[in-house]
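Note: the block below is my_file_17.cif and it holds mmCIF, C-alpha atoms.
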```
data_query
loop_
_atom_site.group_PDB
_atom_site.id
_atom_site.type_symbol
_atom_site.label_atom_id
_atom_site.label_comp_id
_atom_site.auth_asym_id
_atom_site.auth_seq_id
_atom_site.Cartn_x
_atom_site.Cartn_y
_atom_site.Cartn_z
ATOM 1 C CA MET A 57 -4.695 11.714 -74.166
ATOM 2 C CA THR A 58 -5.728 12.358 -70.645
ATOM 3 C CA PRO A 59 -3.783 9.405 -69.199
ATOM 4 C CA ARG A 60 -0.645 10.516 -71.037
ATOM 5 C CA ARG A 61 -0.433 13.973 -69.572
ATOM 6 C CA PRO A 62 0.080 12.966 -65.963
ATOM 7 C CA GLU A 63 2.694 10.488 -67.169
ATOM 8 C CA ARG A 64 4.632 13.213 -68.860
ATOM 9 C CA SER A 65 4.438 15.581 -65.934
ATOM 10 C CA GLU A 66 5.425 12.726 -63.640
ATOM 11 C CA ALA A 67 8.522 12.089 -65.741
ATOM 12 C CA LYS A 68 9.262 15.772 -65.739
ATOM 13 C CA SER A 69 9.073 16.011 -61.989
ATOM 14 C CA ARG A 70 11.238 12.911 -61.656
ATOM 15 C CA ASP A 71 13.712 14.629 -63.941
ATOM 16 C CA LEU A 72 13.627 17.687 -61.772
ATOM 17 C CA PHE A 73 14.126 15.579 -58.693
ATOM 18 C CA VAL A 74 17.179 13.888 -60.205
ATOM 19 C CA ARG A 75 18.607 17.198 -61.276
ATOM 20 C CA ARG A 76 18.071 18.624 -57.832
ATOM 21 C CA ARG A 77 19.767 15.638 -56.308
ATOM 22 C CA LYS A 78 22.654 16.112 -58.710
ATOM 23 C CA THR A 79 23.073 19.777 -57.808
ATOM 24 C CA GLY A 80 23.281 18.117 -54.538
ATOM 25 C CA PRO A 81 24.566 18.625 -51.069
ATOM 26 C CA SER A 82 23.849 22.331 -50.650
ATOM 27 C CA ALA A 83 20.160 21.869 -51.353
ATOM 28 C CA ALA A 84 19.953 18.808 -49.107
ATOM 29 C CA LEU A 85 21.864 20.630 -46.403
ATOM 30 C CA ARG A 86 19.548 23.585 -46.634
ATOM 31 C CA ALA A 87 16.612 21.219 -46.211
ATOM 32 C CA THR A 88 18.107 19.616 -43.096
ATOM 33 C CA ILE A 89 18.934 22.975 -41.579
ATOM 34 C CA GLY A 90 15.389 24.031 -42.209
ATOM 35 C CA ARG A 91 14.127 20.900 -40.526
ATOM 36 C CA ARG A 92 16.535 21.283 -37.634
ATOM 37 C CA SER A 93 15.561 24.839 -36.832
ATOM 38 C CA PHE A 94 11.945 23.762 -37.061
ATOM 39 C CA LEU A 95 12.636 20.995 -34.545
ATOM 40 C CA ALA A 96 14.411 23.433 -32.245
ATOM 41 C CA GLY A 97 11.323 25.592 -32.428
ATOM 42 C CA ALA A 98 9.191 22.612 -31.499
ATOM 43 C CA VAL A 99 11.405 21.860 -28.504
ATOM 44 C CA THR A 100 10.881 25.309 -27.016
ATOM 45 C CA VAL A 101 7.145 24.755 -27.220
ATOM 46 C CA VAL A 102 7.213 21.365 -25.487
ATOM 47 C CA PRO A 103 7.586 22.506 -21.844
ATOM 48 C CA PHE A 104 4.382 24.443 -22.020
ATOM 49 C CA ALA A 105 2.516 21.579 -23.628
ATOM 50 C CA ALA A 106 4.033 19.010 -21.243
ATOM 51 C CA GLN A 107 2.320 20.344 -18.151
ATOM 52 C CA ALA A 108 1.187 17.951 -15.512
ATOM 53 C CA THR A 109 -2.576 17.588 -15.754
ATOM 54 C CA PRO A 110 -5.155 16.377 -13.251
ATOM 55 C CA GLU A 111 -4.942 12.952 -14.959
ATOM 56 C CA VAL A 112 -1.150 12.870 -14.602
ATOM 57 C CA LEU A 113 -1.547 13.924 -10.970
ATOM 58 C CA ALA A 114 -3.987 11.094 -10.362
ATOM 59 C CA ALA A 115 -1.595 8.674 -12.066
ATOM 60 C CA VAL A 116 1.440 9.618 -9.946
ATOM 61 C CA ILE A 117 -0.660 9.441 -6.789
ATOM 62 C CA ARG A 118 -1.748 5.941 -7.773
ATOM 63 C CA GLU A 119 1.930 5.091 -8.319
ATOM 64 C CA VAL A 120 2.560 5.941 -4.655
ATOM 65 C CA THR A 121 -0.543 4.471 -3.067
ATOM 66 C CA GLY A 122 -0.987 1.429 -5.269
ATOM 67 C CA ASP A 123 -4.326 -0.201 -4.502
ATOM 68 C CA ALA A 124 -4.507 1.171 -0.949
ATOM 69 C CA PRO A 125 -7.267 3.708 -0.320
ATOM 70 C CA LEU A 126 -6.276 7.352 -0.032
ATOM 71 C CA ARG A 127 -8.086 9.102 2.803
ATOM 72 C CA GLU A 128 -8.432 12.770 3.574
ATOM 73 C CA GLY A 129 -7.247 13.872 6.993
ATOM 74 C CA ARG A 130 -4.409 13.728 9.517
ATOM 75 C CA VAL A 131 -2.257 15.782 7.132
ATOM 76 C CA THR A 132 -2.027 19.558 7.403
ATOM 77 C CA LEU A 133 -0.737 21.327 4.316
ATOM 78 C CA ASP A 134 0.186 24.924 5.051
ATOM 79 C CA ILE A 135 0.664 27.024 1.961
ATOM 80 C CA PRO A 136 -0.507 30.597 1.345
ATOM 81 C CA PRO A 137 -3.779 30.579 -0.639
ATOM 82 C CA LEU A 138 -2.712 33.662 -2.610
ATOM 83 C CA VAL A 139 0.888 33.765 -3.784
ATOM 84 C CA GLU A 140 2.439 36.794 -5.430
ATOM 85 C CA ASN A 141 5.616 35.132 -6.638
ATOM 86 C CA GLY A 142 5.504 31.504 -7.716
ATOM 87 C CA ASN A 143 9.300 31.191 -7.608
ATOM 88 C CA ALA A 144 9.429 30.646 -3.844
ATOM 89 C CA VAL A 145 6.266 29.511 -2.131
ATOM 90 C CA PRO A 146 6.636 28.492 1.525
ATOM 91 C CA LEU A 147 5.104 25.111 2.226
ATOM 92 C CA THR A 148 4.761 23.172 5.476
ATOM 93 C CA VAL A 149 3.440 19.636 5.801
ATOM 94 C CA LYS A 150 2.520 18.330 9.219
ATOM 95 C CA VAL A 151 1.132 14.891 9.925
ATOM 96 C CA ASP A 152 -0.718 13.929 13.061
ATOM 97 C CA SER A 153 1.192 10.836 14.152
ATOM 98 C CA PRO A 154 2.674 9.544 17.440
ATOM 99 C CA MET A 155 5.922 8.682 15.566
ATOM 100 C CA THR A 156 6.532 5.533 17.594
ATOM 101 C CA ASP A 157 8.112 2.339 16.281
ATOM 102 C CA ASP A 158 4.671 0.803 15.778
ATOM 103 C CA ASP A 159 2.952 3.797 14.305
ATOM 104 C CA HIS A 160 4.899 6.429 12.433
ATOM 105 C CA VAL A 161 4.935 8.274 9.160
ATOM 106 C CA LYS A 162 7.268 6.557 6.723
ATOM 107 C CA ALA A 163 7.121 9.069 3.916
ATOM 108 C CA ILE A 164 5.611 12.352 2.841
ATOM 109 C CA HIS A 165 5.036 13.017 -0.853
ATOM 110 C CA VAL A 166 4.013 16.349 -2.334
ATOM 111 C CA PHE A 167 2.565 16.668 -5.829
ATOM 112 C CA ASN A 168 1.173 19.467 -7.930
ATOM 113 C CA GLU A 169 -1.256 19.703 -10.773
ATOM 114 C CA LYS A 170 0.108 22.123 -13.366
ATOM 115 C CA ASN A 171 3.887 22.464 -13.115
ATOM 116 C CA PRO A 172 5.749 20.805 -16.014
ATOM 117 C CA GLN A 173 6.279 17.817 -13.688
ATOM 118 C CA PRO A 174 3.836 16.506 -11.072
ATOM 119 C CA HIS A 175 6.526 15.717 -8.471
ATOM 120 C CA VAL A 176 7.522 18.315 -5.905
ATOM 121 C CA PHE A 177 9.356 16.186 -3.361
ATOM 122 C CA ASN A 178 9.420 12.857 -1.577
ATOM 123 C CA ALA A 179 10.751 12.723 1.969
ATOM 124 C CA TRP A 180 11.409 9.673 4.103
ATOM 125 C CA LEU A 181 10.971 9.777 7.853
ATOM 126 C CA SER A 182 11.388 7.433 10.803
ATOM 127 C CA PRO A 183 10.616 7.428 14.542
ATOM 128 C CA ALA A 184 13.985 9.249 14.926
ATOM 129 C CA ASN A 185 12.217 12.395 13.706
ATOM 130 C CA GLY A 186 9.958 12.676 16.751
ATOM 131 C CA GLN A 187 7.338 14.532 14.772
ATOM 132 C CA ALA A 188 6.278 14.426 11.148
ATOM 133 C CA ARG A 189 6.813 17.973 10.002
ATOM 134 C CA ILE A 190 8.630 19.294 6.935
ATOM 135 C CA ALA A 191 8.956 22.854 5.707
ATOM 136 C CA THR A 192 10.472 23.947 2.420
ATOM 137 C CA ARG A 193 9.997 26.414 -0.433
ATOM 138 C CA ILE A 194 8.629 25.382 -3.805
ATOM 139 C CA LYS A 195 7.967 26.775 -7.290
ATOM 140 C CA LEU A 196 4.494 27.001 -8.789
ATOM 141 C CA ALA A 197 4.047 27.649 -12.503
ATOM 142 C CA ASP A 198 0.353 28.435 -12.319
ATOM 143 C CA SER A 199 -2.642 28.674 -10.014
ATOM 144 C CA GLN A 200 -3.258 25.080 -9.107
ATOM 145 C CA LYS A 201 -3.897 22.324 -6.614
ATOM 146 C CA VAL A 202 -1.086 21.052 -4.372
ATOM 147 C CA VAL A 203 -1.469 17.640 -2.760
ATOM 148 C CA ALA A 204 0.428 16.189 0.207
ATOM 149 C CA ILE A 205 0.283 12.464 0.954
ATOM 150 C CA ALA A 206 1.545 10.755 4.091
ATOM 151 C CA GLU A 207 2.398 7.068 4.101
ATOM 152 C CA THR A 208 2.268 5.453 7.540
ATOM 153 C CA SER A 209 4.083 2.381 8.837
ATOM 154 C CA LYS A 210 0.707 0.633 8.924
ATOM 155 C CA GLY A 211 0.394 1.042 5.174
ATOM 156 C CA GLU A 212 -2.262 3.745 5.329
ATOM 157 C CA PHE A 213 -2.314 6.803 3.105
ATOM 158 C CA TRP A 214 -3.607 10.137 4.331
ATOM 159 C CA SER A 215 -3.787 13.284 2.273
ATOM 160 C CA ALA A 216 -4.557 16.982 2.209
ATOM 161 C CA HIS A 217 -4.827 19.377 -0.686
ATOM 162 C CA THR A 218 -4.907 23.124 -1.133
ATOM 163 C CA ASP A 219 -5.783 25.338 -4.059
ATOM 164 C CA VAL A 220 -3.256 28.103 -4.595
ATOM 165 C CA ILE A 221 -3.632 31.229 -6.693
ATOM 166 C CA VAL A 222 -0.344 32.414 -8.207
ATOM 167 C CA THR A 223 0.014 35.877 -9.756
ATOM 168 C CA ILE A 224 3.614 35.652 -11.043
ATOM 169 C CA ALA A 225 4.387 32.178 -12.343
ATOM 170 C CA ALA A 226 7.692 30.373 -11.907
ATOM 171 C CA CYS A 227 9.517 28.289 -14.526
ATOM 172 C CA ILE A 228 8.356 30.201 -17.582
ATOM 173 C CA GLU A 229 10.181 33.515 -17.536
ATOM 174 C CA ASP A 230 13.926 33.908 -17.384
ATOM 175 C CA VAL A 231 14.443 36.276 -14.479
ATOM 176 C CA THR A 232 18.219 36.568 -14.942
ATOM 177 C CA MET B 293 32.186 24.310 -1.857
ATOM 178 C CA ALA B 294 28.743 25.561 -1.961
ATOM 179 C CA ASN B 295 27.456 28.064 0.516
ATOM 180 C CA VAL B 296 25.564 26.270 3.256
ATOM 181 C CA LEU B 297 23.618 27.591 6.210
ATOM 182 C CA VAL B 298 22.491 25.139 8.879
ATOM 183 C CA ASN B 299 20.521 25.999 11.973
ATOM 184 C CA ALA B 300 20.445 23.346 14.688
ATOM 185 C CA PRO B 301 20.674 23.686 18.463
ATOM 186 C CA ARG B 302 24.157 23.154 19.965
ATOM 187 C CA THR B 303 22.720 21.469 23.045
ATOM 188 C CA ALA B 304 19.545 19.546 23.751
ATOM 189 C CA LYS B 305 18.020 17.424 26.464
ATOM 190 C CA LYS B 306 17.816 13.696 25.813
ATOM 191 C CA GLY B 307 14.547 12.834 24.137
ATOM 192 C CA GLN B 308 13.809 16.415 23.138
ATOM 193 C CA VAL B 309 12.520 17.008 19.620
ATOM 194 C CA VAL B 310 14.769 19.573 17.945
ATOM 195 C CA GLU B 311 14.150 21.447 14.723
ATOM 196 C CA ILE B 312 16.893 21.395 12.114
ATOM 197 C CA LYS B 313 16.947 23.869 9.242
ATOM 198 C CA ALA B 314 19.262 23.586 6.272
ATOM 199 C CA LEU B 315 19.728 26.027 3.409
ATOM 200 C CA ILE B 316 22.108 25.728 0.489
ATOM 201 C CA MET B 317 22.884 28.146 -2.318
ATOM 202 C CA HIS B 318 21.962 26.550 -5.622
ATOM 203 C CA VAL B 319 20.260 27.833 -8.799
ATOM 204 C CA MET B 320 17.850 24.864 -9.065
ATOM 205 C CA GLU B 321 17.542 25.486 -12.815
ATOM 206 C CA THR B 322 14.404 23.655 -13.915
ATOM 207 C CA GLY B 323 15.369 22.751 -17.484
ATOM 208 C CA TYR B 324 12.094 24.233 -18.706
ATOM 209 C CA ARG B 325 13.080 27.859 -19.168
ATOM 210 C CA PRO B 326 14.416 29.378 -22.371
ATOM 211 C CA GLY B 327 17.409 31.663 -21.842
ATOM 212 C CA THR B 328 18.106 34.974 -23.542
ATOM 213 C CA ASN B 329 19.168 33.187 -26.765
ATOM 214 C CA GLY B 330 15.882 31.291 -26.916
ATOM 215 C CA ARG B 331 17.485 27.955 -26.096
ATOM 216 C CA ILE B 332 16.361 25.933 -23.089
ATOM 217 C CA ILE B 333 18.750 26.310 -20.163
ATOM 218 C CA PRO B 334 19.831 22.767 -19.225
ATOM 219 C CA ARG B 335 18.487 21.326 -15.996
ATOM 220 C CA ASN B 336 20.726 21.759 -12.969
ATOM 221 C CA ILE B 337 19.089 20.783 -9.708
ATOM 222 C CA ILE B 338 19.877 19.150 -6.392
ATOM 223 C CA GLN B 339 18.226 15.748 -6.438
ATOM 224 C CA ASP B 340 18.995 14.303 -3.051
ATOM 225 C CA PHE B 341 19.339 15.642 0.443
ATOM 226 C CA THR B 342 20.187 13.417 3.386
ATOM 227 C CA ALA B 343 20.837 14.048 7.057
ATOM 228 C CA THR B 344 22.555 11.588 9.369
ATOM 229 C CA TRP B 345 22.963 11.622 13.153
ATOM 230 C CA ASN B 346 26.222 9.884 14.101
ATOM 231 C CA GLY B 347 26.114 8.083 10.779
ATOM 232 C CA ARG B 348 22.504 6.910 11.110
ATOM 233 C CA GLU B 349 20.157 8.333 8.520
ATOM 234 C CA ILE B 350 17.408 10.448 10.065
ATOM 235 C CA PHE B 351 16.014 12.247 7.033
ATOM 236 C CA ARG B 352 16.106 11.882 3.284
ATOM 237 C CA MET B 353 14.452 13.980 0.642
ATOM 238 C CA ARG B 354 14.284 13.632 -3.133
ATOM 239 C CA MET B 355 13.870 16.992 -4.803
ATOM 240 C CA SER B 356 12.390 17.875 -8.191
ATOM 241 C CA PRO B 357 12.738 21.031 -10.304
ATOM 242 C CA ALA B 358 9.713 22.333 -8.355
ATOM 243 C CA ILE B 359 11.878 23.055 -5.306
ATOM 244 C CA ALA B 360 12.692 26.765 -5.175
ATOM 245 C CA ALA B 361 16.192 28.089 -5.822
ATOM 246 C CA ASN B 362 18.506 27.910 -2.788
ATOM 247 C CA PRO B 363 16.666 24.912 -1.343
ATOM 248 C CA PHE B 364 15.550 25.315 2.233
ATOM 249 C CA VAL B 365 14.470 22.296 4.257
ATOM 250 C CA SER B 366 13.306 22.155 7.834
ATOM 251 C CA PHE B 367 12.632 18.912 9.695
ATOM 252 C CA SER B 368 12.792 17.619 13.236
ATOM 253 C CA ALA B 369 14.713 14.952 15.063
ATOM 254 C CA VAL B 370 14.757 13.366 18.519
ATOM 255 C CA ALA B 371 17.929 14.241 20.404
ATOM 256 C CA SER B 372 19.224 10.761 21.167
ATOM 257 C CA GLU B 373 22.949 11.110 21.759
ATOM 258 C CA SER B 374 25.761 13.620 21.538
ATOM 259 C CA GLY B 375 27.590 13.659 18.256
ATOM 260 C CA ILE B 376 27.605 14.930 14.726
ATOM 261 C CA ILE B 377 24.675 15.772 12.477
ATOM 262 C CA ALA B 378 25.901 15.536 8.889
ATOM 263 C CA PHE B 379 24.169 16.840 5.778
ATOM 264 C CA ARG B 380 24.759 15.893 2.194
ATOM 265 C CA TRP B 381 23.311 17.401 -0.956
ATOM 266 C CA SER B 382 23.887 15.846 -4.378
ATOM 267 C CA GLY B 383 22.548 16.592 -7.802
ATOM 268 C CA ASP B 384 23.054 17.242 -11.501
ATOM 269 C CA ALA B 385 26.473 17.774 -13.051
ATOM 270 C CA GLY B 386 28.182 15.919 -10.208
ATOM 271 C CA PHE B 387 27.137 18.440 -7.601
ATOM 272 C CA VAL B 388 27.975 17.359 -4.052
ATOM 273 C CA ALA B 389 28.041 19.438 -0.887
ATOM 274 C CA GLU B 390 28.558 18.307 2.670
ATOM 275 C CA HIS B 391 28.275 20.010 6.008
ATOM 276 C CA GLN B 392 28.197 18.925 9.621
ATOM 277 C CA VAL B 393 27.342 20.365 13.013
ATOM 278 C CA ALA B 394 28.042 19.085 16.503
ATOM 279 C CA ILE B 395 25.331 18.632 19.112
ATOM 280 C CA THR B 396 25.654 17.888 22.826
ATOM 281 C CA VAL B 397 22.819 15.911 24.355
ATOM 282 C CA THR B 398 22.492 15.894 28.121
#
```

Using the file provided, produce a representation of the structure as structure tokens.
Amino acid sequence: MTPRRPERSEAKSRDLFVRRRKTGPSAALRATIGRRSFLAGAVTVVPFAAQATPEVLAAVIREVTGDAPLREGRVTLDIPPLVENGNAVPLTVKVDSPMTDDDHVKAIHVFNEKNPQPHVFNAWLSPANGQARIATRIKLADSQKVVAIAETSKGEFWSAHTDVIVTIAACIEDVT
Amino acid sequence: MANVLVNAPRTAKKGQVVEIKALIMHVMETGYRPGTNGRIIPRNIIQDFTATWNGREIFRMRMSPAIAANPFVSFSAVASESGIIAFRWSGDAGFVAEHQVAITVT
């Protein structure tokens, strides 16, 4: 008796399933719409989950440096330690280099820790620049670490980092 | 044509290091922000910025969504010869802007 009951209910549910399939497209459509709006909801959550993390930061730095050692020094990263508005943070990177044909800075890379993406910018320089100095304005989504890396023509990597406190974050709110 | 503001000296002595500043009006929409309807506003950024001195590239920068709106870039260059400093910005949705300034090197 006990084994029969589940059989019967199974058949019943199969029946129901068939009937539902027969009543057809509207029900199926409703299901897909439900799923779609759920997915859309998931998408809006993603940017906050997909923040760059210290591990991601370390990974992108390794992508740039490869196996070469990354040393602290020579690079000056000027960025205010306390930022009121993360939408436009002034940033200056200076590298102590003679900028001659034999010894110059080839590239400057800036990364961050907690924006949705770790990259801020990559810039390529040559002796034609005379001095290795770049200033720009960046967005910061949170209080975090900003790292600048200089790649020299000798294949050395020098870096500097700064911790920045941000009171109004960029990227998240729609200011328009 | 996008609104561009470039600050570079008109004249320089040969061998002098001059500072060049370039600003362009652009939203630099990150692609991470929901708009008023709750949908993500599609990404629209400038990806590349290059500067050439008489056709020779002196500076190139690859930008990410983390560059602030109306990207401002300042860099330096050795005044080598009289001529034209040309700037080019390109990015999402086929965005391209170009600008040039003349410089006399004595």

If you apply the PyMOL selection byres ((chain A) within 8 of (chain B)) to this file, what residues do you get, as a PyMOL selection string? chain A and resi 100+103+143-145+171-173+175-182+184-196+227-230

Hey, which of A:Asp123, A:Glu111, A:Asp198, A:Asp134 ends up closest to Pro146 of chain A? Count only C-alpha atoms. A:Asp134

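Atom CA of Ala378 of chain B is positioned 15.7 Å from atom CA of Thr303 of chain B.
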
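Across the structure, atom CA of Val149 of chain A and atom CA of Gln392 of chain B are spaced 25.1 Å apart.
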
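Once the PyMOL selection byres ((chain B and resi 380-391) around 9) is applied to the shown structure, the selection contains Met293, Ala294, Asn295, Val296, Leu297, Val298, Ile316, Arg335, Asn336, Ile337, Ile338, Gln339, Asp340, Phe341, Thr342, Ala343, Thr344, Ile377, Ala378, Phe379, Gln392 and Val393 of chain B.
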
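Listed by chain and then by number, the residues chosen by the PyMOL selection byres ((chain B and resi 397) around 6) in this file are Thr303, Ala304, Lys305, Lys306, Glu373, Ser374, Thr396 and Thr398 of chain B.
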
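The space separating atom CA of Thr109 of chain A from atom CA of Pro174 of chain A comes to 8.0 Å.
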
Identify the residues within 6 Å of coordinate (22.5, 23.8, 17.0) (same frame as the file), considering only C-alpha atoms, and give the answer as a ChimeraX atom specification. /B:299-302

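Distance check against Ser215 of chain A using only C-alpha atoms: of A:Val166, A:Ala108, A:Ala197, A:Met155, the minimum falls on A:Val166.
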